[in-house]
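Data block for work28.pdb (PDB, C-alpha atoms):
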```pdb
ATOM      1  CA  MET A   1      -7.292   9.048  -1.068  1.00  0.00           C
ATOM      2  CA  GLN A   2      -3.988   9.384  -2.827  1.00  0.00           C
ATOM      3  CA  LEU A   3      -1.528  11.739  -1.235  1.00  0.00           C
ATOM      4  CA  PHE A   4       0.266  14.286  -3.395  1.00  0.00           C
ATOM      5  CA  PRO A   5      -2.106  13.921  -6.381  1.00  0.00           C
ATOM      6  CA  PHE A   6      -0.664  17.153  -7.808  1.00  0.00           C
ATOM      7  CA  ILE A   7       2.869  15.752  -8.155  1.00  0.00           C
ATOM      8  CA  ASP A   8       4.021  14.888 -11.650  1.00  0.00           C
ATOM      9  CA  TRP A   9       5.638  11.518 -10.971  1.00  0.00           C
ATOM     10  CA  ARG A  10       7.190  11.415 -14.436  1.00  0.00           C
ATOM     11  CA  ASP A  11       8.933  14.696 -13.583  1.00  0.00           C
ATOM     12  CA  ILE A  12      10.149  13.197 -10.277  1.00  0.00           C
ATOM     13  CA  GLN A  13      11.582  10.219 -12.151  1.00  0.00           C
ATOM     14  CA  ASN A  14      13.319  12.510 -14.644  1.00  0.00           C
ATOM     15  CA  ARG A  15      14.692  14.735 -11.880  1.00  0.00           C
ATOM     16  CA  MET A  16      16.103  11.693 -10.100  1.00  0.00           C
ATOM     17  CA  ALA A  17      17.815  10.625 -13.325  1.00  0.00           C
ATOM     18  CA  GLU A  18      19.539  14.042 -13.164  1.00  0.00           C
ATOM     19  CA  ASN A  19      20.776  13.377  -9.581  1.00  0.00           C
ATOM     20  CA  ASP A  20      18.140  15.562  -7.889  1.00  0.00           C
ATOM     21  CA  GLN A  21      18.124  14.379  -4.263  1.00  0.00           C
ATOM     22  CA  GLU A  22      15.071  16.514  -3.479  1.00  0.00           C
ATOM     23  CA  ALA A  23      13.097  14.370  -5.947  1.00  0.00           C
ATOM     24  CA  LEU A  24      14.164  11.282  -4.000  1.00  0.00           C
ATOM     25  CA  ARG A  25      12.990  12.939  -0.775  1.00  0.00           C
ATOM     26  CA  VAL A  26       9.571  13.674  -2.300  1.00  0.00           C
ATOM     27  CA  LEU A  27       9.359  10.065  -3.448  1.00  0.00           C
ATOM     28  CA  TYR A  28      10.380   8.819  -0.008  1.00  0.00           C
ATOM     29  CA  ASP A  29       7.887  11.075   1.783  1.00  0.00           C
ATOM     30  CA  HIS A  30       5.083   9.786  -0.408  1.00  0.00           C
ATOM     31  CA  TYR A  31       5.860   6.067  -0.494  1.00  0.00           C
ATOM     32  CA  SER A  32       7.878   5.092   2.590  1.00  0.00           C
ATOM     33  CA  LYS A  33       4.893   4.456   4.883  1.00  0.00           C
ATOM     34  CA  ARG A  34       3.017   2.508   2.212  1.00  0.00           C
ATOM     35  CA  LEU A  35       6.026   0.366   1.350  1.00  0.00           C
ATOM     36  CA  PHE A  36       6.721  -0.192   5.056  1.00  0.00           C
ATOM     37  CA  GLU A  37       3.198  -1.578   5.501  1.00  0.00           C
ATOM     38  CA  LEU A  38       3.713  -4.075   2.691  1.00  0.00           C
ATOM     39  CA  ALA A  39       7.180  -5.062   3.923  1.00  0.00           C
ATOM     40  CA  TYR A  40       5.925  -5.419   7.499  1.00  0.00           C
ATOM     41  CA  ALA A  41       3.040  -7.592   6.342  1.00  0.00           C
ATOM     42  CA  ILE A  42       5.561  -9.947   4.762  1.00  0.00           C
ATOM     43  CA  VAL A  43       8.519  -9.965   7.183  1.00  0.00           C
ATOM     44  CA  ARG A  44       6.573  -9.311  10.418  1.00  0.00           C
ATOM     45  CA  SER A  45       9.373  -7.359  11.983  1.00  0.00           C
ATOM     46  CA  LYS A  46       9.403  -3.591  12.315  1.00  0.00           C
ATOM     47  CA  GLU A  47      13.189  -3.386  12.145  1.00  0.00           C
ATOM     48  CA  MET A  48      13.438  -5.701   9.149  1.00  0.00           C
ATOM     49  CA  ALA A  49      10.619  -3.852   7.351  1.00  0.00           C
ATOM     50  CA  GLU A  50      12.427  -0.551   7.925  1.00  0.00           C
ATOM     51  CA  GLU A  51      15.606  -2.082   6.477  1.00  0.00           C
ATOM     52  CA  VAL A  52      13.699  -3.383   3.470  1.00  0.00           C
ATOM     53  CA  VAL A  53      12.215   0.045   2.735  1.00  0.00           C
ATOM     54  CA  GLY A  54      15.585   1.722   3.195  1.00  0.00           C
ATOM     55  CA  ASP A  55      17.153  -0.768   0.804  1.00  0.00           C
ATOM     56  CA  VAL A  56      14.401  -0.190  -1.749  1.00  0.00           C
ATOM     57  CA  PHE A  57      15.110   3.538  -1.791  1.00  0.00           C
ATOM     58  CA  ILE A  58      18.857   2.887  -1.994  1.00  0.00           C
ATOM     59  CA  GLN A  59      18.197   0.644  -5.004  1.00  0.00           C
ATOM     60  CA  VAL A  60      15.988   3.305  -6.571  1.00  0.00           C
ATOM     61  CA  TRP A  61      18.750   5.873  -6.160  1.00  0.00           C
ATOM     62  CA  GLN A  62      21.340   3.471  -7.563  1.00  0.00           C
ATOM     63  CA  LYS A  63      19.090   2.850 -10.580  1.00  0.00           C
ATOM     64  CA  ARG A  64      18.151   6.515 -10.978  1.00  0.00           C
ATOM     65  CA  LYS A  65      19.701   6.828 -14.444  1.00  0.00           C
ATOM     66  CA  ARG A  66      17.305   4.159 -15.777  1.00  0.00           C
ATOM     67  CA  ILE A  67      14.329   4.845 -13.518  1.00  0.00           C
ATOM     68  CA  HIS A  68      12.743   7.390 -15.865  1.00  0.00           C
ATOM     69  CA  THR A  69      11.905   4.552 -18.287  1.00  0.00           C
ATOM     70  CA  VAL A  70       9.615   2.796 -15.778  1.00  0.00           C
ATOM     71  CA  GLU A  71       6.001   3.205 -16.888  1.00  0.00           C
ATOM     72  CA  ASN A  72       4.108   2.383 -13.679  1.00  0.00           C
ATOM     73  CA  PHE A  73       6.436   3.609 -10.982  1.00  0.00           C
ATOM     74  CA  SER A  74       4.112   2.886  -8.057  1.00  0.00           C
ATOM     75  CA  PHE A  75       3.726  -0.743  -9.078  1.00  0.00           C
ATOM     76  CA  TYR A  76       7.494  -0.952  -9.641  1.00  0.00           C
ATOM     77  CA  LEU A  77       8.130   0.174  -6.047  1.00  0.00           C
ATOM     78  CA  TYR A  78       5.678  -2.354  -4.629  1.00  0.00           C
ATOM     79  CA  VAL A  79       7.254  -5.197  -6.597  1.00  0.00           C
ATOM     80  CA  MET A  80      10.722  -4.105  -5.422  1.00  0.00           C
ATOM     81  CA  THR A  81       9.470  -4.065  -1.833  1.00  0.00           C
ATOM     82  CA  ARG A  82       7.853  -7.492  -2.123  1.00  0.00           C
ATOM     83  CA  ASN A  83      10.993  -8.972  -3.670  1.00  0.00           C
ATOM     84  CA  SER A  84      13.308  -7.323  -1.134  1.00  0.00           C
ATOM     85  CA  SER A  85      11.113  -8.553   1.707  1.00  0.00           C
ATOM     86  CA  ARG A  86      11.316 -12.088   0.399  1.00  0.00           C
ATOM     87  CA  SER A  87      15.097 -11.761   0.037  1.00  0.00           C
ATOM     88  CA  TYR A  88      15.368 -10.663   3.667  1.00  0.00           C
ATOM     89  CA  LEU A  89      13.312 -13.662   4.758  1.00  0.00           C
ATOM     90  CA  ARG A  90      15.602 -15.996   2.784  1.00  0.00           C
ATOM     91  CA  LYS A  91      18.720 -14.253   4.071  1.00  0.00           C
ATOM     92  CA  TYR A  92      17.680 -14.589   7.687  1.00  0.00           C
ATOM     93  CA  GLY A  93      16.495 -18.181   7.392  1.00  0.00           C
ATOM     94  CA  GLN A  94      12.762 -17.604   7.468  1.00  0.00           C
ATOM     95  CA  LYS A  95      11.619 -19.761   4.565  1.00  0.00           C
ATOM     96  CA  LYS A  96       7.895 -19.164   5.045  1.00  0.00           C
ATOM     97  CA  LEU A  97       6.117 -18.045   1.892  1.00  0.00           C
ATOM     98  CA  LEU A  98       3.781 -15.093   1.856  1.00  0.00           C
ATOM     99  CA  ASP A  99       0.422 -16.262   3.215  1.00  0.00           C
ATOM    100  CA  LEU A 100      -2.091 -13.493   2.681  1.00  0.00           C
ATOM    101  CA  ASP A 101      -4.406 -14.886   5.348  1.00  0.00           C
ATOM    102  CA  GLU A 102      -1.705 -14.476   7.985  1.00  0.00           C
ATOM    103  CA  LEU A 103      -0.462 -11.001   7.110  1.00  0.00           C
ATOM    104  CA  ALA A 104       0.508  -8.820  10.029  1.00  0.00           C
ATOM    105  CA  LEU A 105      -1.167  -5.619   8.911  1.00  0.00           C
ATOM    106  CA  PRO A 106      -1.125  -2.370  10.840  1.00  0.00           C
ATOM    107  CA  ILE A 107      -4.427  -0.865  11.917  1.00  0.00           C
ATOM    108  CA  TYR A 108      -5.955   0.914   8.953  1.00  0.00           C
ATOM    109  CA  GLN A 109      -6.787   4.569   9.372  1.00  0.00           C
ATOM    110  CA  ILE A 110      -8.354   6.759   6.721  1.00  0.00           C
ATOM    111  CA  ASP A 111      -6.852  10.232   6.797  1.00  0.00           C
ATOM    112  CA  ALA A 112      -9.313  13.071   6.608  1.00  0.00           C
ATOM    113  CA  SER A 113      -9.322  14.875   3.295  1.00  0.00           C
ATOM    114  CA  PRO A 114     -11.694  17.746   2.476  1.00  0.00           C
ATOM    115  CA  GLU A 115     -14.243  15.205   1.217  1.00  0.00           C
ATOM    116  CA  ASP A 116     -13.828  13.111   4.356  1.00  0.00           C
ATOM    117  CA  LEU A 117     -14.534  16.128   6.524  1.00  0.00           C
ATOM    118  CA  MET A 118     -18.089  16.040   5.200  1.00  0.00           C
ATOM    119  CA  ILE A 119     -18.522  12.671   6.920  1.00  0.00           C
ATOM    120  CA  SER A 120     -18.951  12.855  10.656  1.00  0.00           C
ATOM    121  CA  GLY A 121     -16.249  11.464  12.915  1.00  0.00           C
ATOM    122  CA  GLU A 122     -18.497   8.598  13.993  1.00  0.00           C
ATOM    123  CA  ALA A 123     -19.140   7.514  10.405  1.00  0.00           C
ATOM    124  CA  LEU A 124     -15.428   7.610   9.675  1.00  0.00           C
ATOM    125  CA  GLN A 125     -14.814   5.501  12.780  1.00  0.00           C
ATOM    126  CA  ALA A 126     -17.430   2.997  11.576  1.00  0.00           C
ATOM    127  CA  ILE A 127     -15.683   2.757   8.204  1.00  0.00           C
ATOM    128  CA  ASN A 128     -12.259   2.343   9.818  1.00  0.00           C
ATOM    129  CA  ARG A 129     -13.633  -0.341  12.139  1.00  0.00           C
ATOM    130  CA  ALA A 130     -15.134  -2.196   9.171  1.00  0.00           C
ATOM    131  CA  ILE A 131     -11.827  -2.029   7.284  1.00  0.00           C
ATOM    132  CA  ASN A 132      -9.859  -3.277  10.289  1.00  0.00           C
ATOM    133  CA  GLU A 133     -12.268  -6.184  10.733  1.00  0.00           C
ATOM    134  CA  LEU A 134     -11.656  -7.382   7.175  1.00  0.00           C
ATOM    135  CA  PRO A 135      -9.639 -10.579   6.757  1.00  0.00           C
ATOM    136  CA  PRO A 136      -5.946  -9.745   6.196  1.00  0.00           C
ATOM    137  CA  GLN A 137      -5.908 -10.597   2.484  1.00  0.00           C
ATOM    138  CA  CYS A 138      -9.037  -8.557   1.889  1.00  0.00           C
ATOM    139  CA  ARG A 139      -7.625  -5.592   3.823  1.00  0.00           C
ATOM    140  CA  MET A 140      -4.339  -5.692   1.898  1.00  0.00           C
ATOM    141  CA  VAL A 141      -6.168  -5.823  -1.441  1.00  0.00           C
ATOM    142  CA  PHE A 142      -8.431  -2.938  -0.379  1.00  0.00           C
ATOM    143  CA  LYS A 143      -5.448  -0.833   0.732  1.00  0.00           C
ATOM    144  CA  LEU A 144      -3.489  -1.418  -2.471  1.00  0.00           C
ATOM    145  CA  VAL A 145      -6.472  -0.614  -4.692  1.00  0.00           C
ATOM    146  CA  LYS A 146      -8.172   2.228  -2.834  1.00  0.00           C
ATOM    147  CA  GLU A 147      -5.355   3.942  -0.981  1.00  0.00           C
ATOM    148  CA  ASP A 148      -2.428   3.263  -3.273  1.00  0.00           C
ATOM    149  CA  GLY A 149      -4.316   3.382  -6.561  1.00  0.00           C
ATOM    150  CA  LEU A 150      -3.072   0.127  -8.050  1.00  0.00           C
ATOM    151  CA  LYS A 151      -5.185  -1.599 -10.672  1.00  0.00           C
ATOM    152  CA  TYR A 152      -6.765  -4.983  -9.936  1.00  0.00           C
ATOM    153  CA  ARG A 153      -4.383  -6.619 -12.431  1.00  0.00           C
ATOM    154  CA  GLU A 154      -1.367  -5.071 -10.686  1.00  0.00           C
ATOM    155  CA  VAL A 155      -2.546  -6.141  -7.239  1.00  0.00           C
ATOM    156  CA  ALA A 156      -3.137  -9.658  -8.575  1.00  0.00           C
ATOM    157  CA  GLU A 157       0.392  -9.807  -9.956  1.00  0.00           C
ATOM    158  CA  LEU A 158       1.951  -8.285  -6.845  1.00  0.00           C
ATOM    159  CA  LEU A 159       0.211 -10.673  -4.437  1.00  0.00           C
ATOM    160  CA  HIS A 160       0.195 -13.689  -6.760  1.00  0.00           C
ATOM    161  CA  LEU A 161      -3.600 -13.819  -6.938  1.00  0.00           C
ATOM    162  CA  SER A 162      -5.951 -14.092  -9.858  1.00  0.00           C
ATOM    163  CA  PRO A 163      -7.581 -10.826 -10.978  1.00  0.00           C
ATOM    164  CA  LYS A 164     -10.954 -12.439 -10.162  1.00  0.00           C
ATOM    165  CA  THR A 165      -9.813 -13.021  -6.565  1.00  0.00           C
ATOM    166  CA  VAL A 166      -8.826  -9.349  -6.284  1.00  0.00           C
ATOM    167  CA  GLU A 167     -12.219  -8.360  -7.661  1.00  0.00           C
ATOM    168  CA  ASN A 168     -13.987 -10.660  -5.188  1.00  0.00           C
ATOM    169  CA  GLN A 169     -11.938  -9.336  -2.252  1.00  0.00           C
ATOM    170  CA  MET A 170     -12.807  -5.759  -3.200  1.00  0.00           C
ATOM    171  CA  GLY A 171     -16.471  -6.751  -3.388  1.00  0.00           C
ATOM    172  CA  ILE A 172     -16.284  -8.207   0.116  1.00  0.00           C
ATOM    173  CA  ALA A 173     -14.569  -5.078   1.460  1.00  0.00           C
ATOM    174  CA  LEU A 174     -17.057  -2.703  -0.110  1.00  0.00           C
ATOM    175  CA  LYS A 175     -20.042  -4.736   1.114  1.00  0.00           C
ATOM    176  CA  LYS A 176     -18.687  -4.725   4.681  1.00  0.00           C
ATOM    177  CA  MET A 177     -18.147  -0.963   4.589  1.00  0.00           C
ATOM    178  CA  HIS A 178     -21.617  -0.442   3.159  1.00  0.00           C
ATOM    179  CA  ALA A 179     -23.086  -2.591   5.947  1.00  0.00           C
ATOM    180  CA  ALA A 180     -21.100  -0.638   8.563  1.00  0.00           C
ATOM    181  CA  LEU A 181     -22.482   2.641   7.204  1.00  0.00           C
ATOM    182  CA  GLN A 182     -26.021   1.244   7.188  1.00  0.00           C
ATOM    183  CA  ILE A 183     -25.663   0.290  10.868  1.00  0.00           C
ATOM    184  CA  TYR A 184     -24.214   3.723  11.636  1.00  0.00           C
ATOM    185  CA  ARG A 185     -27.143   5.455   9.884  1.00  0.00           C
ATOM    186  CA  ARG A 186     -29.685   3.351  11.789  1.00  0.00           C
ATOM    187  CA  GLU A 187     -27.974   4.249  15.083  1.00  0.00           C
ATOM    188  CA  GLN A 188     -28.158   7.944  14.196  1.00  0.00           C
ATOM    189  CA  ARG A 189     -31.935   7.909  13.751  1.00  0.00           C
TER
END
```
Now, as a test, write the supplied structure out as structure tokens.
Amino acid sequence: MQLFPFIDWRDIQNRMAENDQEALRVLYDHYSKRLFELAYAIVRSKEMAEEVVGDVFIQVWQKRKRIHTVENFSFYLYVMTRNSSRSYLRKYGQKKLLDLDELALPIYQIDASPEDLMISGEALQAINRAINELPPQCRMVFKLVKEDGLKYREVAELLHLSPKTVENQMGIALKKMHAALQIYRREQR
């Protein structure tokens, strides 16, 4: 499900270190929506989440000379977004800690790729419905692992969970999607 799988992210990082603004645009196009979803889940304000994401990309550009040394750039961006979101909450007096069970997540929608086109529209709707019915923590874990390609260990660190909890949440998500597909198949008979 990853967008832009053909992009050499190491090359993007190196190009940014050489002041290539087009590389920053490619990075922004790929990550801005994903980072917005994480920021929004934490700050619960569209405007504040947009500011957080904008600030993250400003920080990335300001750190562009050192950015090429970052090994896992995707994880780095998520950690920056989480930390910036928390800073915004502190700055604006909202002291509430991140509670994964109360995340304000946007409705999940799987984009159709060539493989997805093999699945009928109704099956895809059943999967999307199952994902959107997941508890917020489970949905966030699923999104970070399956859509954004983070490893269980990285998701655990990002969300301050144990790796076992991430594994369990993924198990729950996959079981619910499997059940949704089973129901869909029975309805099609």
Exercise. Hey, what comes out of the PyMOL selection byres ((chain A and resi 174) around 12) on this file? Could you write it as an NGL selection string?
Worked result: :A and (127 or 130-131 or 134 or 138-139 or 141-143 or 145-146 or 167-173 or 175-181)
Selected residues written out, C-alpha atoms, as a tab-separated table (two decimals), keeping the file's coordinate frame:
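Result file follows (result33.tsv):
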```tsv
chain	number	residue	atom	x	y	z
A	127	ILE	CA	-15.68	2.76	8.20
A	130	ALA	CA	-15.13	-2.20	9.17
A	131	ILE	CA	-11.83	-2.03	7.28
A	134	LEU	CA	-11.66	-7.38	7.18
A	138	CYS	CA	-9.04	-8.56	1.89
A	139	ARG	CA	-7.62	-5.59	3.82
A	141	VAL	CA	-6.17	-5.82	-1.44
A	142	PHE	CA	-8.43	-2.94	-0.38
A	143	LYS	CA	-5.45	-0.83	0.73
A	145	VAL	CA	-6.47	-0.61	-4.69
A	146	LYS	CA	-8.17	2.23	-2.83
A	167	GLU	CA	-12.22	-8.36	-7.66
A	168	ASN	CA	-13.99	-10.66	-5.19
A	169	GLN	CA	-11.94	-9.34	-2.25
A	170	MET	CA	-12.81	-5.76	-3.20
A	171	GLY	CA	-16.47	-6.75	-3.39
A	172	ILE	CA	-16.28	-8.21	0.12
A	173	ALA	CA	-14.57	-5.08	1.46
A	175	LYS	CA	-20.04	-4.74	1.11
A	176	LYS	CA	-18.69	-4.72	4.68
A	177	MET	CA	-18.15	-0.96	4.59
A	178	HIS	CA	-21.62	-0.44	3.16
A	179	ALA	CA	-23.09	-2.59	5.95
A	180	ALA	CA	-21.10	-0.64	8.56
A	181	LEU	CA	-22.48	2.64	7.20
```
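Nearest residue to Glu154 in chain A, choosing from A:Leu24, A:Ala126, A:Leu35, A:Val79 and counting all atoms listed in the file: A:Val79.
Nearest-residue note for Leu144 in chain A: choosing from A:Arg34, A:Arg15, A:Arg10, A:Lys65, the minimum distance belongs to A:Arg34, counting all atoms listed in the file.
Pairwise distance (CA of Gly121 in chain A, CA of Lys151 in chain A) equals 29.1 Å.
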Exercise. When you draw a straight line from CA of Leu38 in chain A to CA of Arg86 in chain A, how long is it in Å?
Worked result: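 Value for the CA of Leu38 in chain A-CA of Arg86 in chain A distance: 11.3 Å.
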Kindly reconstruct range 61-87 of chain A with N, CA and C atoms and present the result as a PDB file, in the frame of the given file.
```
ATOM      1  N   TRP A  61      17.742   4.849  -5.904  1.00  0.00           N
ATOM      2  CA  TRP A  61      18.750   5.873  -6.160  1.00  0.00           C
ATOM      3  C   TRP A  61      19.884   5.320  -7.024  1.00  0.00           C
ATOM      4  N   GLN A  62      20.279   4.084  -6.763  1.00  0.00           N
ATOM      5  CA  GLN A  62      21.340   3.471  -7.563  1.00  0.00           C
ATOM      6  C   GLN A  62      20.905   3.270  -9.017  1.00  0.00           C
ATOM      7  N   LYS A  63      19.620   3.073  -9.229  1.00  0.00           N
ATOM      8  CA  LYS A  63      19.090   2.850 -10.580  1.00  0.00           C
ATOM      9  C   LYS A  63      18.507   4.131 -11.188  1.00  0.00           C
ATOM     10  N   ARG A  64      18.797   5.257 -10.587  1.00  0.00           N
ATOM     11  CA  ARG A  64      18.151   6.515 -10.978  1.00  0.00           C
ATOM     12  C   ARG A  64      18.350   6.887 -12.439  1.00  0.00           C
ATOM     13  N   LYS A  65      19.444   6.477 -13.038  1.00  0.00           N
ATOM     14  CA  LYS A  65      19.701   6.828 -14.444  1.00  0.00           C
ATOM     15  C   LYS A  65      18.750   6.098 -15.393  1.00  0.00           C
ATOM     16  N   ARG A  66      18.224   4.942 -14.939  1.00  0.00           N
ATOM     17  CA  ARG A  66      17.305   4.159 -15.777  1.00  0.00           C
ATOM     18  C   ARG A  66      15.851   4.275 -15.307  1.00  0.00           C
ATOM     19  N   ILE A  67      15.645   4.856 -14.149  1.00  0.00           N
ATOM     20  CA  ILE A  67      14.329   4.845 -13.518  1.00  0.00           C
ATOM     21  C   ILE A  67      13.278   5.613 -14.327  1.00  0.00           C
ATOM     22  N   HIS A  68      13.702   6.584 -15.103  1.00  0.00           N
ATOM     23  CA  HIS A  68      12.743   7.390 -15.865  1.00  0.00           C
ATOM     24  C   HIS A  68      12.040   6.578 -16.955  1.00  0.00           C
ATOM     25  N   THR A  69      12.540   5.389 -17.256  1.00  0.00           N
ATOM     26  CA  THR A  69      11.905   4.552 -18.287  1.00  0.00           C
ATOM     27  C   THR A  69      10.788   3.678 -17.730  1.00  0.00           C
ATOM     28  N   VAL A  70      10.647   3.626 -16.408  1.00  0.00           N
ATOM     29  CA  VAL A  70       9.615   2.796 -15.778  1.00  0.00           C
ATOM     30  C   VAL A  70       8.252   3.440 -16.003  1.00  0.00           C
ATOM     31  N   GLU A  71       7.331   2.676 -16.567  1.00  0.00           N
ATOM     32  CA  GLU A  71       6.001   3.205 -16.888  1.00  0.00           C
ATOM     33  C   GLU A  71       5.121   3.379 -15.653  1.00  0.00           C
ATOM     34  N   ASN A  72       4.968   2.326 -14.860  1.00  0.00           N
ATOM     35  CA  ASN A  72       4.108   2.383 -13.679  1.00  0.00           C
ATOM     36  C   ASN A  72       5.004   2.338 -12.446  1.00  0.00           C
ATOM     37  N   PHE A  73       5.435   3.503 -12.031  1.00  0.00           N
ATOM     38  CA  PHE A  73       6.436   3.609 -10.982  1.00  0.00           C
ATOM     39  C   PHE A  73       5.925   3.091  -9.636  1.00  0.00           C
ATOM     40  N   SER A  74       4.686   3.353  -9.315  1.00  0.00           N
ATOM     41  CA  SER A  74       4.112   2.886  -8.057  1.00  0.00           C
ATOM     42  C   SER A  74       4.161   1.361  -7.983  1.00  0.00           C
ATOM     43  N   PHE A  75       3.713   0.711  -9.028  1.00  0.00           N
ATOM     44  CA  PHE A  75       3.726  -0.743  -9.078  1.00  0.00           C
ATOM     45  C   PHE A  75       5.167  -1.256  -8.987  1.00  0.00           C
ATOM     46  N   TYR A  76       6.074  -0.594  -9.662  1.00  0.00           N
ATOM     47  CA  TYR A  76       7.494  -0.952  -9.641  1.00  0.00           C
ATOM     48  C   TYR A  76       8.024  -0.941  -8.204  1.00  0.00           C
ATOM     49  N   LEU A  77       7.674   0.082  -7.438  1.00  0.00           N
ATOM     50  CA  LEU A  77       8.130   0.174  -6.047  1.00  0.00           C
ATOM     51  C   LEU A  77       7.552  -0.946  -5.188  1.00  0.00           C
ATOM     52  N   TYR A  78       6.287  -1.269  -5.396  1.00  0.00           N
ATOM     53  CA  TYR A  78       5.678  -2.354  -4.629  1.00  0.00           C
ATOM     54  C   TYR A  78       6.320  -3.702  -4.956  1.00  0.00           C
ATOM     55  N   VAL A  79       6.605  -3.936  -6.212  1.00  0.00           N
ATOM     56  CA  VAL A  79       7.254  -5.197  -6.597  1.00  0.00           C
ATOM     57  C   VAL A  79       8.661  -5.260  -5.997  1.00  0.00           C
ATOM     58  N   MET A  80       9.390  -4.145  -6.042  1.00  0.00           N
ATOM     59  CA  MET A  80      10.722  -4.105  -5.422  1.00  0.00           C
ATOM     60  C   MET A  80      10.628  -4.411  -3.926  1.00  0.00           C
ATOM     61  N   THR A  81       9.631  -3.849  -3.271  1.00  0.00           N
ATOM     62  CA  THR A  81       9.470  -4.065  -1.833  1.00  0.00           C
ATOM     63  C   THR A  81       9.124  -5.517  -1.544  1.00  0.00           C
ATOM     64  N   ARG A  82       8.214  -6.076  -2.312  1.00  0.00           N
ATOM     65  CA  ARG A  82       7.853  -7.492  -2.123  1.00  0.00           C
ATOM     66  C   ARG A  82       9.075  -8.376  -2.314  1.00  0.00           C
ATOM     67  N   ASN A  83       9.818  -8.147  -3.384  1.00  0.00           N
ATOM     68  CA  ASN A  83      10.993  -8.972  -3.670  1.00  0.00           C
ATOM     69  C   ASN A  83      12.086  -8.796  -2.615  1.00  0.00           C
ATOM     70  N   SER A  84      12.304  -7.569  -2.183  1.00  0.00           N
ATOM     71  CA  SER A  84      13.308  -7.323  -1.134  1.00  0.00           C
ATOM     72  C   SER A  84      12.890  -7.971   0.178  1.00  0.00           C
ATOM     73  N   SER A  85      11.610  -7.923   0.481  1.00  0.00           N
ATOM     74  CA  SER A  85      11.113  -8.553   1.707  1.00  0.00           C
ATOM     75  C   SER A  85      11.358 -10.055   1.665  1.00  0.00           C
ATOM     76  N   ARG A  86      11.078 -10.648   0.542  1.00  0.00           N
ATOM     77  CA  ARG A  86      11.316 -12.088   0.399  1.00  0.00           C
ATOM     78  C   ARG A  86      12.805 -12.404   0.500  1.00  0.00           C
ATOM     79  N   SER A  87      13.647 -11.553  -0.054  1.00  0.00           N
ATOM     80  CA  SER A  87      15.097 -11.761   0.037  1.00  0.00           C
ATOM     81  C   SER A  87      15.555 -11.705   1.492  1.00  0.00           C
TER      82      SER A  87
END
```
